[in-house]
Amino acid sequence: MTEEQGQGARNKGHDFAIRALCLTSPAAAQKELERIGVDPAGIRHMLPKLEQHALLVPQVKPAAANILKQEMLSLGGDAAVARGTVACSVSSTDVLLIGTRKQLLTLCNKLTGQPFGLKGLSTELTLLLQNIQHPPTIWQTSRRQLSLDRPLIMGILNVTPDSFSDGGCYPTVEQAVERGLQLEAEGADLLDLGGESTRPGAVAVSAEEERTRVLPVIEALANRLTIPISVDTWKNSVADACLAAGAEIINDISGLNFDPTLAEVVARHQAGLVVMHTRGTPQQMQQDTGYADLMGEVTASLLQSAASARSAGIAHEQIALDPGIGFAKDLNGNLELLRRLPELANLGYPLLVGTSRKSFIGKILQRETAADRLFGTAATVAHAVTSGARIVRVHDVQAMKDVALMARAINSQ
């Protein structure tokens with residue numbers, strides 16, 4: 001039999017178009033089961049089996065890790081641990097729990113009576129599973145609740161002479177006000193106003209100079225805009241003056257690390273807060289971009305910043321997280337953060353992502369001029385929204401709003 005005859009013989013039967021389904025949510029899985037015609041009772045039974053999770057628990061003592069391994073295996077799941085854990089020849093190990101939502105919730109119940117700190121782990125795992133199933137729906141500012149039913153577009157307005165993309169473009173109050181109104185007309189849901197450049201190597205400015213740049217713009221826009229004003233600052237005196245003048249959100253690149261008293265100001269004004277991850281000041285940050293565990297450090301830092309905010313009296317629903325794309329990360333670090341955004345979107349806070357026109361896009365696409373990075377930015381915005389970002393910070397509002405809404409529509413269930 002020739003090869004052609006053999007192929008023809010094989011094709012006399014069915015040509016099965018077998019594929020792996022991308023069931024990105026319980027609703028998508030249920031829809032597929034309903035399409036097949038599965039009995040409703042069968043759907044309820046099968047849905048949990050289609051929800052596989054891989055949850056990383058860092059730095060667990062061997063005794064606790066062995067219990068986690070045994071319990072997951074008994075439930076039909078699994079747990080990956082370091083070699084030497086069973087013999088307790090390692091001091092600690094990361095544990096990767098692999099299983100369905102149902103298996104992991106059962107594990108949480110079984111851990112409540114276990115020693116070695118596993119009762120506390122049970123509480124944290126339960127909360128994480130709740131965050132995965134029920135992401136935040138609102139972001140609270142000092143004046144309103146912002147719905148997160150669709151991605152929010154944060155338009156960038158820098159009144160600085162040295163910002164990497166639009167520095168010096170709006171040197172007068174009138175020009176800045178005109179640009180702010182234009183961003184709203186283009187579809188911005190928020191306006192983020194900056195009076196100090198935070199690009200790598202930027203020169204620091206005094207609080208007095210920063211106030212001089214931003215306050216007149218806020219005072220002119222506060223009663224003309226229908227959208228909230230955010231101020232990109234880490235200084236408590238600047239934040240206090242801006243919030244008193246009508247701003248509703250503080251966007252702190254330092255995650256409350258440059259000026260810990262900033263949290264008290266935000267809490268007093270009941271304002272929204274963005275905490276971002278970085279290392280060092282803008283003058284130093286790109287000198288320290290190596291990480292043993294990038295996602296582990298970014299996650300721990302953001303959660304610590306959020307905890308500091310809550311301790312100061314800022315409500316959970318007022319806090320958003322920003323992984324700090326381009327801040328103390330090299331090219332590969334920025335790409336890893338983007339690839340793994342869903343891990344940050346499951347932390348229980350709205351996730352803000354700012355990639356607009358940044359240099360890593362220019363490096364990949366060989367676009368030296370920031371304004372030439374529109375399409376590269378569009379790709380990152382679409383990916384961020386698909387990965388769970390609720391807020392995207394952009395220069396090109398109208399174009400990126402189209403991108404974000406299309407990405408959401410494709411991935412809505």
# chains A, B, ... in the order shown; residues from 1 in each chain; ligands from 1
call {"tool": "residues_around", "arguments": {"residues": "region 376-388 of chain A", "least_positions_apart": "6", "cutoff": "7 Å", "atoms": "only C-alpha atoms", "output": "list in words"}}
result
Pro151, Leu338, Leu341, Pro342, Ala345, Val353, Thr355, Ser356, Arg357, Ile361, Met400, Val403, Ala404, Ala407, Arg408 and Asn411 of chain A
call {"tool": "select_by_dssp", "arguments": {"residues": "region 10-143 of chain A", "states": "strand (DSSP E)", "output": "VMD selection string"}}
result
chain A and resid 52 to 60 78 to 80 93 to 100 138 to 140
call {"tool": "closest_atom_pairs", "arguments": {"of": "region 24-85 of chain A", "to": "region 99-108 of chain A", "cutoff": "12 Å", "atoms": "only C-alpha atoms", "output": "JSON lines"}}
result
{"residue": "A:Ser25", "atom": "CA", "partner": "A:Arg101", "partner_atom": "CA", "distance": 11.9}
{"residue": "A:Pro26", "atom": "CA", "partner": "A:Arg101", "partner_atom": "CA", "distance": 10.7}
{"residue": "A:Arg44", "atom": "CA", "partner": "A:Lys102", "partner_atom": "CA", "distance": 11.6}
{"residue": "A:His45", "atom": "CA", "partner": "A:Lys102", "partner_atom": "CA", "distance": 10.4}
{"residue": "A:Met46", "atom": "CA", "partner": "A:Thr100", "partner_atom": "CA", "distance": 10.7}
{"residue": "A:Leu47", "atom": "CA", "partner": "A:Thr100", "partner_atom": "CA", "distance": 9.4}
{"residue": "A:Pro48", "atom": "CA", "partner": "A:Lys102", "partner_atom": "CA", "distance": 5.8}
{"residue": "A:Lys49", "atom": "CA", "partner": "A:Thr100", "partner_atom": "CA", "distance": 5.8}
{"residue": "A:Leu50", "atom": "CA", "partner": "A:Thr100", "partner_atom": "CA", "distance": 7.2}
{"residue": "A:Glu51", "atom": "CA", "partner": "A:Thr100", "partner_atom": "CA", "distance": 5.0}
{"residue": "A:Gln52", "atom": "CA", "partner": "A:Thr100", "partner_atom": "CA", "distance": 4.3}
{"residue": "A:His53", "atom": "CA", "partner": "A:Gly99", "partner_atom": "CA", "distance": 5.4}
{"residue": "A:Ala54", "atom": "CA", "partner": "A:Gly99", "partner_atom": "CA", "distance": 6.8}
{"residue": "A:Leu55", "atom": "CA", "partner": "A:Gly99", "partner_atom": "CA", "distance": 8.7}
{"residue": "A:Leu56", "atom": "CA", "partner": "A:Gly99", "partner_atom": "CA", "distance": 11.8}
{"residue": "A:Ile67", "atom": "CA", "partner": "A:Leu107", "partner_atom": "CA", "distance": 10.5}
{"residue": "A:Leu68", "atom": "CA", "partner": "A:Leu107", "partner_atom": "CA", "distance": 8.2}
{"residue": "A:Lys69", "atom": "CA", "partner": "A:Leu107", "partner_atom": "CA", "distance": 10.5}
{"residue": "A:Gln70", "atom": "CA", "partner": "A:Leu107", "partner_atom": "CA", "distance": 10.4}
{"residue": "A:Glu71", "atom": "CA", "partner": "A:Leu107", "partner_atom": "CA", "distance": 6.8}
{"residue": "A:Met72", "atom": "CA", "partner": "A:Leu107", "partner_atom": "CA", "distance": 6.9}
{"residue": "A:Leu73", "atom": "CA", "partner": "A:Gly99", "partner_atom": "CA", "distance": 9.5}
{"residue": "A:Ser74", "atom": "CA", "partner": "A:Leu107", "partner_atom": "CA", "distance": 9.7}
{"residue": "A:Leu75", "atom": "CA", "partner": "A:Gln103", "partner_atom": "CA", "distance": 6.1}
{"residue": "A:Gly76", "atom": "CA", "partner": "A:Gln103", "partner_atom": "CA", "distance": 7.5}
{"residue": "A:Gly77", "atom": "CA", "partner": "A:Gly99", "partner_atom": "CA", "distance": 4.6}
{"residue": "A:Asp78", "atom": "CA", "partner": "A:Gly99", "partner_atom": "CA", "distance": 6.6}
{"residue": "A:Ala79", "atom": "CA", "partner": "A:Gly99", "partner_atom": "CA", "distance": 8.5}
{"residue": "A:Ala80", "atom": "CA", "partner": "A:Gly99", "partner_atom": "CA", "distance": 11.3}
call {"tool": "atom_distance", "arguments": {"atom1": "CA of Gln318 (chain A)", "atom2": "CA of Asn257 (chain A)"}}
result
18.2 Å
call {"tool": "closest_residue", "arguments": {"among": "A:Ser311, A:Thr369, A:Thr299, A:Asn158", "to": "Val394 (chain A)", "atoms": "only C-alpha atoms"}}
result
A:Asn158
call {"tool": "closest_atom_pairs", "arguments": {"of": "region 85-161 of chain A", "to": "region 173-195 of chain A", "cutoff": "12 Å", "atoms": "only C-alpha atoms", "output": "Markdown table"}}
result
| residue | atom | partner | partner_atom | distance |
| --- | --- | --- | --- | --- |
| A:Trp139 | CA | A:Leu190 | CA | 11.8 |
| A:Thr141 | CA | A:Leu190 | CA | 11.0 |
| A:Arg144 | CA | A:Leu190 | CA | 11.9 |
| A:Gln145 | CA | A:Asp189 | CA | 12.0 |
| A:Leu146 | CA | A:Asp189 | CA | 8.9 |
| A:Ser147 | CA | A:Asp189 | CA | 10.3 |
| A:Leu148 | CA | A:Asp189 | CA | 10.9 |
| A:Arg150 | CA | A:Asp189 | CA | 10.7 |
| A:Pro151 | CA | A:Asp189 | CA | 9.2 |
| A:Leu152 | CA | A:Asp189 | CA | 5.7 |
| A:Ile153 | CA | A:Asp189 | CA | 5.2 |
| A:Met154 | CA | A:Leu190 | CA | 4.6 |
| A:Gly155 | CA | A:Leu191 | CA | 4.9 |
| A:Ile156 | CA | A:Asp192 | CA | 5.1 |
| A:Leu157 | CA | A:Leu193 | CA | 4.9 |
| A:Asn158 | CA | A:Gly194 | CA | 4.7 |
| A:Val159 | CA | A:Gly195 | CA | 5.3 |
| A:Thr160 | CA | A:Gly195 | CA | 5.5 |
| A:Pro161 | CA | A:Gly195 | CA | 9.1 |
call {"tool": "select_by_dssp", "arguments": {"residues": "region 139-304 of chain A", "states": "helix (DSSP H, G or I)", "output": "count of residues only"}}
result
60
call {"tool": "atom_distance", "arguments": {"atom1": "CA of Ile132 (chain A)", "atom2": "CA of Asn346 (chain A)"}}
result
5.1 Å
call {"tool": "closest_residue", "arguments": {"among": "A:Leu96, A:Leu33, A:Pro350, A:Val274", "to": "Pro135 (chain A)", "atoms": "only C-alpha atoms"}}
result
A:Pro350
call {"tool": "closest_residue", "arguments": {"among": "A:Leu273, A:Ser92, A:Val38, A:His395", "to": "Pro62 (chain A)", "atoms": "only C-alpha atoms"}}
result
A:Ser92
call {"tool": "closest_residue", "arguments": {"among": "A:Val90, A:Leu302, A:Val60, A:Ile319", "to": "Val266 (chain A)", "atoms": "only C-alpha atoms"}}
result
A:Ile319
call {"tool": "residues_around", "arguments": {"residues": "region 14-23 of chain A", "least_positions_apart": "4", "cutoff": "9 Å", "atoms": "only C-alpha atoms", "output": "ChimeraX atom specification"}}
result
/A:10,27-29,32,50-51
call {"tool": "residues_around", "arguments": {"residues": "Ser206 (chain A)", "least_positions_apart": "6", "cutoff": "10 Å", "atoms": "only C-alpha atoms", "output": "ChimeraX atom specification"}}
result
/A:196,212,235,238
call {"tool": "write_last_selection", "arguments": {"atoms": "C-alpha atoms", "output": "PDB file, in the first residue's frame"}}
result
ATOM      1  CA  GLU A 196       7.453  65.397  38.835  1.00  0.00           C
ATOM      2  CA  THR A 212       3.358  75.035  41.915  1.00  0.00           C
ATOM      3  CA  LYS A 235       4.949  63.522  48.923  1.00  0.00           C
ATOM      4  CA  VAL A 238       1.671  67.706  47.747  1.00  0.00           C
TER       5      VAL A 238
END
